[in-house]
>>> print(open('final-v4.cif').read())   # mmCIF, C-alpha atoms
data_entry
loop_
_atom_site.label_atom_id
_atom_site.label_comp_id
_atom_site.auth_asym_id
_atom_site.auth_seq_id
_atom_site.Cartn_x
_atom_site.Cartn_y
_atom_site.Cartn_z
CA MET A 1 19.45 38.00 17.13
CA GLY A 2 20.84 40.70 14.94
CA ILE A 3 24.43 41.47 14.17
CA TRP A 4 24.42 44.43 16.57
CA GLU A 5 23.52 42.16 19.54
CA THR A 6 26.35 39.84 18.54
CA PHE A 7 28.87 42.66 18.93
CA THR A 8 27.34 44.06 22.11
CA ASP A 9 27.33 40.56 23.63
CA MET A 10 31.00 40.15 22.77
CA VAL A 11 31.82 43.54 24.34
CA ASP A 12 29.77 42.63 27.43
CA ALA A 13 31.58 39.33 27.77
CA ALA A 14 35.01 40.99 27.50
CA THR A 15 34.44 43.88 29.91
CA PRO A 16 35.59 43.20 33.51
CA TRP A 17 32.56 44.82 35.20
CA SER A 18 29.99 42.64 33.48
CA THR A 19 28.23 39.80 35.35
CA ALA A 20 26.96 36.59 33.79
CA GLU A 21 24.07 34.82 35.46
CA ALA A 22 23.24 31.22 34.69
CA GLU A 23 19.76 31.63 36.10
CA ALA A 24 17.32 34.46 35.82
CA PRO A 25 17.99 37.02 38.58
CA ALA A 26 15.58 37.09 41.50
CA GLN A 27 12.65 39.40 40.94
CA GLU A 28 10.90 39.21 44.30
CA GLU A 29 10.51 42.92 44.77
CA SER A 30 8.95 43.52 41.41
CA LYS A 31 6.63 40.54 41.96
CA ASN A 32 5.35 42.02 45.20
CA GLU A 33 4.76 45.30 43.50
CA LYS A 34 2.85 43.56 40.77
CA ALA A 35 0.78 41.67 43.32
CA ASP A 36 -0.18 44.94 45.01
CA GLU A 37 -1.09 46.45 41.70
CA SER A 38 -3.17 43.47 40.71
CA LYS A 39 -5.05 43.59 44.03
CA GLU A 40 -5.88 47.19 43.40
CA GLU A 41 -6.99 46.42 39.89
CA GLU A 42 -9.06 43.40 40.82
CA SER A 43 -12.16 45.37 41.67
CA SER A 44 -12.15 47.09 38.32
CA ASP A 45 -11.30 43.88 36.44
CA ASP A 46 -14.29 41.88 37.65
CA ALA A 47 -16.60 43.16 35.00
CA GLU A 48 -14.02 42.53 32.28
CA GLU A 49 -13.36 38.99 33.49
CA GLU A 50 -16.99 38.07 33.15
CA GLU A 51 -16.90 39.24 29.58
CA GLU A 52 -13.78 37.18 28.96
CA GLU A 53 -15.48 34.06 30.29
CA ASP A 54 -18.28 34.61 27.84
CA ASP A 55 -15.73 34.87 25.05
CA GLU A 56 -14.09 31.62 26.05
CA GLU A 57 -17.33 29.73 25.69
CA GLU A 58 -17.63 30.97 22.14
CA ILE A 59 -14.42 29.41 20.84
CA VAL A 60 -15.26 27.80 17.55
CA ASP A 61 -12.89 25.33 15.97
CA PRO A 62 -11.92 26.85 12.60
CA LYS A 63 -11.21 23.35 11.28
CA GLU A 64 -14.83 22.30 11.60
CA THR A 65 -16.28 25.41 10.00
CA LEU A 66 -13.75 25.37 7.15
CA GLU A 67 -14.31 21.69 6.45
CA GLU A 68 -18.05 22.16 6.52
CA GLU A 69 -17.66 24.91 3.92
CA CYS A 70 -15.42 22.67 1.86
CA LYS A 71 -17.87 19.77 2.03
CA ASN A 72 -20.58 21.96 0.54
CA SER A 73 -18.28 23.50 -2.06
CA LYS A 74 -18.31 22.58 -5.71
CA GLN A 75 -14.94 20.82 -5.36
CA CYS A 76 -16.35 18.11 -3.07
CA ALA A 77 -19.79 17.90 -4.64
CA PRO A 78 -19.25 14.43 -6.21
CA ALA A 79 -17.92 12.93 -2.96
CA LYS A 80 -20.72 14.47 -0.93
CA HIS A 81 -23.29 13.23 -3.43
CA HIS A 82 -21.99 9.66 -3.16
CA PHE A 83 -21.82 9.82 0.63
CA ASP A 84 -25.35 11.18 1.01
CA GLU A 85 -26.69 8.57 -1.37
CA CYS A 86 -24.88 5.80 0.53
CA VAL A 87 -26.18 7.01 3.89
CA GLU A 88 -29.71 7.04 2.54
CA ARG A 89 -29.34 3.54 1.08
CA VAL A 90 -27.74 2.03 4.19
CA THR A 91 -30.22 3.58 6.62
CA LYS A 92 -33.01 2.13 4.51
CA GLN A 93 -31.29 -1.27 4.63
CA GLU A 94 -30.95 -0.99 8.40
CA GLU A 95 -34.64 -0.24 8.75
CA ASP A 96 -35.44 -3.28 6.61
CA GLY A 97 -33.18 -5.36 8.83
CA GLY A 98 -29.42 -5.70 8.60
CA ALA A 99 -27.23 -3.46 6.49
CA LYS A 100 -25.17 -5.32 3.90
CA GLU A 101 -22.59 -2.56 3.46
CA ASP A 102 -21.18 0.51 5.17
CA CYS A 103 -20.37 4.03 4.07
CA VAL A 104 -16.79 4.06 5.37
CA GLU A 105 -15.24 4.32 1.91
CA GLU A 106 -17.56 7.13 0.85
CA PHE A 107 -16.89 8.87 4.16
CA PHE A 108 -13.14 8.58 3.51
CA HIS A 109 -13.42 10.17 0.08
CA LEU A 110 -15.48 13.04 1.43
CA ALA A 111 -13.19 13.59 4.43
CA HIS A 112 -10.11 13.46 2.22
CA CYS A 113 -11.56 16.06 -0.13
CA ALA A 114 -12.71 18.33 2.70
CA THR A 115 -9.45 18.24 4.68
CA GLN A 116 -7.33 18.79 1.59
CA CYS A 117 -9.46 21.78 0.65
CA ALA A 118 -9.40 23.20 4.19
CA ALA A 119 -5.70 22.58 5.01
CA PRO A 120 -4.13 25.82 3.69
CA LYS A 121 -7.02 27.96 4.96
CA LEU A 122 -6.79 26.33 8.38
CA TRP A 123 -3.07 27.00 8.66
CA ALA A 124 -3.69 30.62 7.75
CA THR A 125 -6.10 31.03 10.68
CA LEU A 126 -4.16 29.06 13.31
CA LYS A 127 -1.27 30.61 15.14
CA MET B 1 -19.97 -33.64 -44.15
CA LEU B 2 -20.22 -34.57 -40.53
CA ALA B 3 -19.75 -38.26 -41.36
CA ARG B 4 -16.70 -37.50 -43.41
CA SER B 5 -15.11 -35.42 -40.66
CA CYS B 6 -15.87 -38.18 -38.18
CA LEU B 7 -14.20 -40.68 -40.47
CA ARG B 8 -11.22 -38.41 -40.80
CA SER B 9 -10.94 -38.06 -37.07
CA THR B 10 -10.99 -41.84 -36.62
CA ARG B 11 -8.34 -42.12 -39.27
CA ILE B 12 -6.19 -39.62 -37.36
CA LEU B 13 -6.85 -41.50 -34.16
CA ASN B 14 -5.82 -44.74 -35.87
CA SER B 15 -2.69 -43.20 -37.20
CA ALA B 16 -1.89 -41.86 -33.74
CA ARG B 17 -2.49 -45.27 -32.30
CA ASN B 18 -0.24 -46.76 -34.94
CA GLY B 19 2.35 -44.19 -34.06
CA ALA B 20 2.04 -45.09 -30.41
CA THR B 21 2.41 -48.76 -31.19
CA SER B 22 5.34 -48.15 -33.42
CA PHE B 23 6.90 -46.09 -30.61
CA ALA B 24 6.19 -48.89 -28.17
CA LYS B 25 7.75 -51.36 -30.54
CA ARG B 26 10.80 -49.23 -30.95
CA ASN B 27 10.99 -48.86 -27.21
CA ALA B 28 10.62 -52.60 -26.80
CA SER B 29 13.59 -53.15 -29.04
CA THR B 30 15.85 -51.08 -26.76
CA SER B 31 14.55 -51.86 -23.26
CA SER B 32 13.60 -55.10 -21.61
CA SER B 33 10.39 -53.80 -19.86
CA GLY B 34 7.03 -54.95 -21.22
CA ALA B 35 5.36 -52.75 -23.81
CA GLU B 36 2.45 -50.54 -22.50
CA SER B 37 -0.75 -51.06 -24.35
CA PRO B 38 -2.35 -47.91 -25.80
CA ALA B 39 -5.50 -48.42 -23.71
CA ARG B 40 -3.56 -48.30 -20.46
CA LEU B 41 -1.67 -45.17 -21.61
CA ASN B 42 -4.94 -43.46 -22.40
CA MET B 43 -6.31 -44.41 -19.00
CA ALA B 44 -3.25 -42.98 -17.25
CA ALA B 45 -3.58 -39.73 -19.20
CA ALA B 46 -7.27 -39.51 -18.38
CA ALA B 47 -6.63 -40.22 -14.69
CA SER B 48 -3.88 -37.60 -14.38
CA THR B 49 -6.08 -35.06 -16.18
CA ALA B 50 -8.91 -35.85 -13.80
CA VAL B 51 -6.60 -35.39 -10.77
CA ALA B 52 -5.34 -32.07 -12.13
CA ILE B 53 -8.82 -30.73 -12.81
CA GLY B 54 -10.04 -32.09 -9.49
CA SER B 55 -7.27 -30.41 -7.51
CA VAL B 56 -7.92 -27.09 -9.24
CA ALA B 57 -11.64 -27.44 -8.46
CA TRP B 58 -10.89 -28.34 -4.84
CA TYR B 59 -8.55 -25.36 -4.49
CA TYR B 60 -11.18 -23.03 -5.96
CA HIS B 61 -13.78 -24.51 -3.63
CA LEU B 62 -11.49 -23.83 -0.67
CA TYR B 63 -10.11 -20.34 -1.46
CA GLY B 64 -11.84 -19.14 -4.60
CA PRO B 65 -15.23 -17.65 -3.86
CA THR B 66 -14.30 -14.94 -1.30
CA ALA B 67 -11.86 -12.22 -2.29
CA GLN B 68 -9.29 -11.67 0.47
CA ALA B 69 -8.57 -8.03 -0.29
CA MET B 70 -7.63 -5.14 2.00
CA THR B 71 -10.51 -2.74 2.58
CA PRO B 72 -10.01 1.03 2.92
CA ALA B 73 -11.24 0.81 6.51
CA GLU B 74 -8.43 -1.58 7.41
CA GLU B 75 -5.89 0.69 5.77
CA GLY B 76 -7.21 3.84 7.43
CA LEU B 77 -7.72 7.23 5.81
CA HIS B 78 -4.45 8.65 4.58
CA PRO B 79 -3.80 11.97 6.35
CA THR B 80 -3.82 15.19 4.36
CA SER B 81 -0.48 16.96 4.28
CA TYR B 82 -0.62 20.26 6.14
CA PRO B 83 1.79 23.14 5.41
CA TRP B 84 3.85 22.79 8.62
CA VAL B 85 6.15 25.75 9.02
CA HIS B 86 8.91 23.78 10.71
CA GLU B 87 9.10 21.37 7.78
CA GLN B 88 10.33 24.12 5.47
CA TRP B 89 14.02 24.25 4.68
CA PHE B 90 14.81 27.63 6.16
CA LYS B 91 12.48 27.48 9.17
CA THR B 92 12.97 26.33 12.75
CA PHE B 93 10.43 25.05 15.22
CA ASP B 94 8.04 27.75 16.38
CA HIS B 95 9.14 27.84 20.01
CA GLN B 96 6.00 29.63 21.14
CA ALA B 97 4.07 26.71 19.69
CA LEU B 98 6.41 24.28 21.46
CA ARG B 99 5.69 26.00 24.77
CA ARG B 100 1.96 25.82 24.17
CA GLY B 101 2.27 22.23 23.00
CA PHE B 102 4.16 21.25 26.14
CA GLN B 103 1.37 22.80 28.19
CA VAL B 104 -1.16 20.70 26.27
CA TYR B 105 0.94 17.58 26.79
CA GLN B 106 1.19 18.23 30.51
CA GLU B 107 -2.45 19.06 31.05
CA VAL B 108 -4.04 16.55 28.69
CA CYS B 109 -1.78 13.82 27.28
CA ALA B 110 0.39 13.18 30.33
CA ALA B 111 -2.53 11.58 32.15
CA CYS B 112 -2.06 8.43 30.05
CA HIS B 113 0.98 8.83 27.78
CA SER B 114 4.58 8.81 28.97
CA LEU B 115 7.39 10.88 27.45
CA SER B 116 10.15 8.68 28.73
CA ARG B 117 13.05 9.82 26.55
CA VAL B 118 12.82 13.54 27.31
CA PRO B 119 14.77 14.85 30.32
CA TYR B 120 14.00 18.20 31.94
CA ARG B 121 17.38 19.54 30.84
CA SER B 122 16.41 19.28 27.17
CA LEU B 123 13.40 21.51 27.83
CA VAL B 124 15.71 24.28 29.03
CA GLY B 125 16.23 26.95 26.42
CA THR B 126 13.78 25.44 23.94
CA VAL B 127 10.51 25.22 25.86
CA LEU B 128 11.12 26.45 29.41
CA THR B 129 13.63 28.65 31.20
CA VAL B 130 16.08 27.11 33.67
CA ASP B 131 14.06 28.15 36.69
CA GLU B 132 10.78 26.87 35.27
CA ALA B 133 12.36 23.55 34.37
CA LYS B 134 13.92 23.19 37.83
CA GLU B 135 10.64 24.01 39.50
CA LEU B 136 8.88 21.44 37.33
CA ALA B 137 11.51 18.78 38.08
CA GLU B 138 11.23 19.39 41.81
CA GLN B 139 7.54 18.58 41.76
CA ASN B 140 8.37 14.90 41.25
CA GLU B 141 10.25 12.46 43.46
CA TYR B 142 13.00 10.16 42.23
CA ASP B 143 15.01 7.36 43.82
CA THR B 144 18.38 8.26 45.32
CA GLU B 145 21.52 6.15 45.39
CA PRO B 146 21.49 3.61 48.25
CA ASN B 147 22.60 5.29 51.51
CA ASP B 148 24.91 3.78 54.18
CA GLU B 149 22.25 1.32 55.30
CA GLY B 150 21.46 0.34 51.73
CA GLU B 151 18.08 2.02 51.80
CA ILE B 152 16.91 3.85 48.71
CA GLU B 153 15.30 7.12 49.64
CA LYS B 154 13.38 9.66 47.62
CA ARG B 155 14.69 13.02 46.52
CA PRO B 156 13.12 15.86 44.55
CA GLY B 157 13.83 15.78 40.82
CA LYS B 158 16.76 17.49 39.16
CA LEU B 159 17.26 18.81 35.64
CA SER B 160 19.01 15.58 34.66
CA ASP B 161 15.94 13.47 35.52
CA TYR B 162 13.51 12.23 32.90
CA ILE B 163 9.85 13.15 32.79
CA PRO B 164 8.04 10.52 34.88
CA ALA B 165 5.59 8.08 33.29
CA PRO B 166 1.96 8.06 34.42
CA TYR B 167 2.00 4.29 35.00
CA LYS B 168 4.53 2.02 36.69
CA ASN B 169 4.74 -0.39 33.75
CA ASP B 170 2.95 -1.47 30.59
CA GLU B 171 0.71 -3.93 32.44
CA ALA B 172 -0.50 -1.21 34.80
CA ALA B 173 -1.14 1.04 31.79
CA ARG B 174 -3.17 -1.67 30.08
CA ALA B 175 -5.14 -2.42 33.21
CA ALA B 176 -6.05 1.23 33.61
CA ASN B 177 -7.05 1.69 29.98
CA ASN B 178 -9.37 -1.19 29.27
CA GLY B 179 -6.58 -3.39 27.91
CA ALA B 180 -5.19 -0.82 25.49
CA LEU B 181 -1.63 0.41 25.92
CA PRO B 182 -1.16 4.18 25.44
CA PRO B 183 2.10 4.39 23.47
CA ASP B 184 5.07 6.38 24.66
CA LEU B 185 5.08 9.73 22.85
CA SER B 186 8.82 10.49 22.76
CA LEU B 187 9.30 9.19 19.23
CA ILE B 188 5.70 8.90 18.09
CA VAL B 189 6.08 11.38 15.22
CA LYS B 190 8.92 9.33 13.76
CA GLY B 191 7.21 6.07 14.61
CA ARG B 192 3.96 6.55 12.71
CA HIS B 193 3.44 6.61 8.97
CA GLY B 194 2.46 10.15 8.04
CA GLY B 195 4.29 11.76 10.98
CA CYS B 196 2.93 15.14 12.06
CA ASN B 197 0.03 15.02 9.61
CA TYR B 198 -1.10 11.68 11.02
CA ILE B 199 -0.95 12.83 14.65
CA PHE B 200 -2.79 16.07 13.89
CA SER B 201 -5.43 14.33 11.79
CA LEU B 202 -5.93 11.64 14.41
CA LEU B 203 -6.42 14.16 17.21
CA THR B 204 -8.86 16.33 15.29
CA GLY B 205 -10.46 13.68 13.07
CA TYR B 206 -13.05 12.17 15.39
CA PRO B 207 -16.41 12.59 13.60
CA GLU B 208 -19.50 13.35 15.68
CA GLU B 209 -20.87 9.96 14.81
CA PRO B 210 -19.48 7.11 12.71
CA PRO B 211 -20.76 6.87 9.11
CA ALA B 212 -23.84 4.73 8.49
CA GLY B 213 -23.27 1.00 8.65
CA ALA B 214 -19.77 1.21 10.19
CA GLN B 215 -19.12 -1.41 12.86
CA VAL B 216 -17.55 -0.01 16.02
CA GLN B 217 -16.64 -2.52 18.70
CA ALA B 218 -17.59 -1.94 22.31
CA GLY B 219 -14.96 0.15 24.09
CA LEU B 220 -13.54 1.52 20.84
CA ASN B 221 -14.13 4.83 19.10
CA PHE B 222 -14.44 5.54 15.41
CA ASN B 223 -11.51 7.45 13.94
CA PRO B 224 -11.02 7.32 10.18
CA TYR B 225 -7.25 7.92 10.37
CA PHE B 226 -6.51 4.97 12.66
CA PRO B 227 -5.87 1.75 10.69
CA GLY B 228 -8.96 -0.38 11.26
CA THR B 229 -10.92 2.76 12.30
CA GLY B 230 -11.48 1.44 15.84
CA ILE B 231 -9.25 3.27 18.33
CA ALA B 232 -9.29 2.82 22.10
CA MET B 233 -8.45 6.47 22.77
CA ALA B 234 -11.57 8.62 22.84
CA ARG B 235 -11.55 12.21 21.63
CA VAL B 236 -9.69 14.23 24.26
CA LEU B 237 -9.22 17.69 22.76
CA TYR B 238 -12.26 19.93 23.01
CA ASP B 239 -12.47 23.66 22.37
CA GLY B 240 -11.25 25.69 25.34
CA LEU B 241 -9.86 22.70 27.26
CA VAL B 242 -6.56 24.42 27.95
CA GLU B 243 -6.04 28.04 28.91
CA TYR B 244 -2.92 29.24 27.12
CA GLU B 245 -0.69 31.68 28.96
CA ASP B 246 -0.21 33.75 25.81
CA GLU B 247 -4.00 33.96 25.39
CA THR B 248 -4.13 32.13 22.08
CA PRO B 249 -7.70 30.90 21.58
CA ALA B 250 -7.51 27.22 22.49
CA SER B 251 -9.55 25.66 19.74
CA THR B 252 -9.26 21.93 19.15
CA SER B 253 -7.15 22.32 16.04
CA GLN B 254 -4.90 24.92 17.68
CA MET B 255 -4.15 22.57 20.59
CA ALA B 256 -3.65 19.63 18.23
CA LYS B 257 -1.26 21.67 16.08
CA ASP B 258 0.76 22.84 19.08
CA VAL B 259 1.01 19.43 20.70
CA THR B 260 1.96 17.82 17.38
CA GLU B 261 4.74 20.33 16.89
CA PHE B 262 5.89 19.70 20.45
CA LEU B 263 5.91 15.95 19.84
CA ASN B 264 7.91 16.49 16.67
CA TRP B 265 10.42 18.45 18.73
CA ALA B 266 10.47 15.61 21.28
CA ALA B 267 11.18 13.11 18.50
CA GLU B 268 13.92 15.18 16.85
CA PRO B 269 15.17 17.94 19.14
CA GLU B 270 18.26 18.25 16.97
CA MET B 271 16.27 19.50 13.98
CA ASP B 272 17.04 23.22 14.40
CA ASP B 273 20.75 22.57 14.79
CA ARG B 274 20.73 20.10 11.97
CA LYS B 275 19.16 22.58 9.57
CA LYS B 276 21.65 25.25 10.62
CA MET B 277 24.53 22.83 10.06
CA GLY B 278 23.01 21.81 6.73
CA MET B 279 22.99 25.42 5.56
CA LYS B 280 26.62 25.84 6.62
CA VAL B 281 27.58 22.68 4.77
CA LEU B 282 25.75 23.83 1.65
CA ALA B 283 27.37 27.27 1.79
CA VAL B 284 30.90 25.91 2.27
CA THR B 285 30.56 23.18 -0.33
CA ALA B 286 29.15 25.71 -2.81
CA VAL B 287 32.24 27.89 -2.37
CA LEU B 288 34.55 24.90 -2.59
CA THR B 289 32.81 23.59 -5.71
CA ALA B 290 33.10 26.97 -7.39
CA LEU B 291 36.75 27.14 -6.38
CA SER B 292 37.54 23.67 -7.67
CA ILE B 293 35.83 24.43 -10.98
CA TRP B 294 37.86 27.62 -11.29
CA VAL B 295 41.13 25.81 -10.47
CA LYS B 296 40.39 23.10 -12.98
CA ARG B 297 39.69 25.63 -15.70
CA TYR B 298 42.79 27.59 -14.74
CA LYS B 299 45.02 24.56 -14.94
CA TRP B 300 43.49 23.26 -18.11
CA ALA B 301 43.38 26.61 -19.90
CA PRO B 302 46.71 26.20 -21.76
CA ILE B 303 45.87 22.62 -22.69
CA LYS B 304 42.36 23.45 -23.82
CA SER B 305 43.38 26.55 -25.75
CA ARG B 306 46.45 25.22 -27.48
CA LYS B 307 46.28 24.53 -31.14
CA THR B 308 48.35 21.99 -33.03
CA VAL B 309 48.81 23.08 -36.56
CA TYR B 310 50.55 21.32 -39.36
CA ASP B 311 52.03 23.90 -41.66
CA PRO B 312 52.95 22.15 -44.84
CA PRO B 313 55.86 23.57 -46.76
CA LYS B 314 54.72 25.82 -49.52
CA ALA B 315 54.72 24.19 -52.87
CA SER B 316 57.19 26.09 -54.92
CA LYS B 317 56.54 26.53 -58.53
CA THR B 318 60.00 25.65 -59.40
CA THR B 319 60.63 21.97 -59.12
CA ARG B 320 63.51 20.96 -57.04
CA PRO B 321 66.45 19.63 -58.74
#
>>> encode(input="final-v4.cif", output="C-alpha cells")
Amino acid sequence: MGIWETFTDMVDAATPWSTAEAEAPAQEESKNEKADESKEEESSDDAEEEEEEDDEEEIVDPKETLEEECKNSKQCAPAKHHFDECVERVTKQEEDGGAKEDCVEEFFHLAHCATQCAAPKLWATLK
Amino acid sequence: MLARSCLRSTRILNSARNGATSFAKRNASTSSSGAESPARLNMAAAASTAVAIGSVAWYYHLYGPTAQAMTPAEEGLHPTSYPWVHEQWFKTFDHQALRRGFQVYQEVCAACHSLSRVPYRSLVGTVLTVDEAKELAEQNEYDTEPNDEGEIEKRPGKLSDYIPAPYKNDEAARAANNGALPPDLSLIVKGRHGGCNYIFSLLTGYPEEPPAGAQVQAGLNFNPYFPGTGIAMARVLYDGLVEYEDETPASTSQMAKDVTEFLNWAAEPEMDDRKKMGMKVLAVTAVLTALSIWVKRYKWAPIKSRKTVYDPPKASKTTRP
C-alpha cells in the first residue's frame, strides 16, 4: 500500500457519502454474466483443455532434477564415489548371505551434499 | 650382573620388611592392638589388588566389548538450510504461498493431521477473505450450548470455531494409522528441531528405495531426515496432486514449500506484526540513542573542553628584597 492510498483511504473514511462494507459486496449479477460467457466459450475451450491436461502430466519436480545434477557434479564426486562403492560391496555381501553393514551413512553424506548444492537453485525455480 | 641385581632387590625387600617391622613396633608402643605380621599385610595387599583387578575385568567383560555409540541413522540426516524468504529480516510471509499451502493442508494433510489451535477467524485477512472463511466454517457442525431441555444440538460453524480434527481422539487416530499418532500441526514448525527446513526436507526427502543394507521395519517407510529413519507416514506429496487456483505448477517441492510456509504461519501468526514492531522499535531507539549521545556531549562540552592551567609568576631578574 503506497502513501497515496493511505491519503485516499483517509479521505474516503472522512467523507459522509462513503460506505464501508465489512464483507465483500454481493456480485451475483456479474457471476451470472461470467457463467453465460463461460458456457459460450466452453465449446472453443475443449481443445485447449486437452492440451492443458497433457501439460499437467508433464510436471517434473525441479528438486529431483537439480539434485540429480548435483550428485553427478564435481562437488559431490567423493560422496558419490563412496556411496557407489558401498552399494556394490553391500549388494555383494547380501548375495553371499547376510549384509554386515548398511550404506545409510554414505547415503546421508551424498544426500547432504546434493541438497546443499541444489538449495539455492531450487528456491530460484520455485514460486 | 643379574645375580647382583637380585641380591640388591632382596636387600631392598629386607630393608622394607625391617621398616615395616620397625613401624609395627612403633605402633605397638602406642596402641594396645596386636602387631600385624608382615606376611599377613602382604596377603591383604595382594587380596585387595586381586579384587580391584577382578572387578575391572568383570566390568570390562560386562560393558567393554561393544561400543554403545549413537549412529547417524539414529540421529537422522540434518536438514539443509533453505533460503526461506519469510525468514529474512525485512520480509513478511508470502501470502500467496500461504493460500496455496492452506489448500495443500486441506486437500492432503487434513485427512490425518489436525490443526487444533487455528480458528477460522485467524485465516481471515491472511489466507482467506471473510466470505470464504465463513463458507468454510459453515461446512462443519459444532455443538451448541444446551437448550431448555438440556440437549446439545448441532449448529453450523462460525468464524470463532476452530478447525475440526480428523479423529475424535488420539486413540482413534492411532487405531486408524497402524498405531502411529499423526501429530497436531499447529505448532509443528516450532516443535521440531530444524523448523521449516526439517518439515520441507521430510516431505520431499523420501528416496525411491532405501539405501543398500538399510533395515526398514514392516509398516514403516525410509526417510533419512526422520530420527531413526523409519517413519510411519508414507510419501504423500506427488507431482500434480493438487490443482492450484493460481495455476502454479504443483510439483512436489512447490507443494512442500507452500505447506511448510503455511505451517510456519500457523505456528507463529504474529510474525509479520512482530517484525513490523521490531523495525519501529529499532527506528525509535536509534533516534533516542543518537539524541542521548548528543545531549551527553552537549552537557559535557564545557567540562571536557576546559583547561586548568597553572601560570607560575614570572621570575623577575631582580631579587626581591
>>> resolve_selection(input="final-v4.cif", expression="the PyMOL selection byres ((chain B) within 6 of (chain A))", output="ChimeraX atom specification")
/B:80,82,211-214,251-252
>>> atom_distance(input="final-v4.cif", atom1="atom CA of B:Lys154", atom2="atom CA of B:Pro119")
18.1 Å
>>> closest_residue(input="final-v4.cif", among="B:Leu41, B:Ala97, B:Ala290, B:Leu115", to="B:Val127", atoms="only C-alpha atoms")
B:Ala97
>>> resolve_selection(input="final-v4.cif", expression="the PyMOL selection byres ((chain B and resi 272-286) around 8)", output="PDB file with C-alpha atoms, in the coordinates of the input")
ATOM      1  CA  TRP B  89      14.020  24.250   4.680  1.00  0.00           C
ATOM      2  CA  PHE B  90      14.810  27.630   6.160  1.00  0.00           C
ATOM      3  CA  THR B  92      12.970  26.330  12.750  1.00  0.00           C
ATOM      4  CA  PHE B  93      10.430  25.050  15.220  1.00  0.00           C
ATOM      5  CA  PRO B 269      15.170  17.940  19.140  1.00  0.00           C
ATOM      6  CA  GLU B 270      18.260  18.250  16.970  1.00  0.00           C
ATOM      7  CA  MET B 271      16.270  19.500  13.980  1.00  0.00           C
ATOM      8  CA  VAL B 287      32.240  27.890  -2.370  1.00  0.00           C
ATOM      9  CA  LEU B 288      34.550  24.900  -2.590  1.00  0.00           C
ATOM     10  CA  THR B 289      32.810  23.590  -5.710  1.00  0.00           C
ATOM     11  CA  ALA B 290      33.100  26.970  -7.390  1.00  0.00           C
TER      12      ALA B 290
END
>>> resolve_selection(input="final-v4.cif", expression="the PyMOL selection byres ((chain B and resi 105-109) around 8)", output="list in words")
Gly101, Phe102, Gln103, Val104, Ala110, Ala111, Cys112, His113, Val236, Leu237, Val242 and Val259 of chain B
>>> residues_around(input="final-v4.cif", residues="B:Glu153", least_positions_apart="3", cutoff="12 Å", atoms="all atoms listed in the file", output="ChimeraX atom specification")
/B:141-150,156
>>> write_last_selection(input="final-v4.cif", atoms="C-alpha atoms", output="compact mmCIF listing (two decimals), in the frame of the given file")
# COMPACT_ATOMS: atom_id res chain seq x y z
CA GLU B 141 10.25 12.46 43.46
CA TYR B 142 13.00 10.16 42.23
CA ASP B 143 15.01 7.36 43.82
CA THR B 144 18.38 8.26 45.32
CA GLU B 145 21.52 6.15 45.39
CA PRO B 146 21.49 3.61 48.25
CA ASN B 147 22.60 5.29 51.51
CA ASP B 148 24.91 3.78 54.18
CA GLU B 149 22.25 1.32 55.30
CA GLY B 150 21.46 0.34 51.73
CA PRO B 156 13.12 15.86 44.55
>>> atom_distance(input="final-v4.cif", atom1="atom CA of B:Gly76", atom2="atom CA of B:Pro227")
4.1 Å
>>> atom_distance(input="final-v4.cif", atom1="atom CA of B:Gly205", atom2="atom CA of B:Tyr238")
11.9 Å
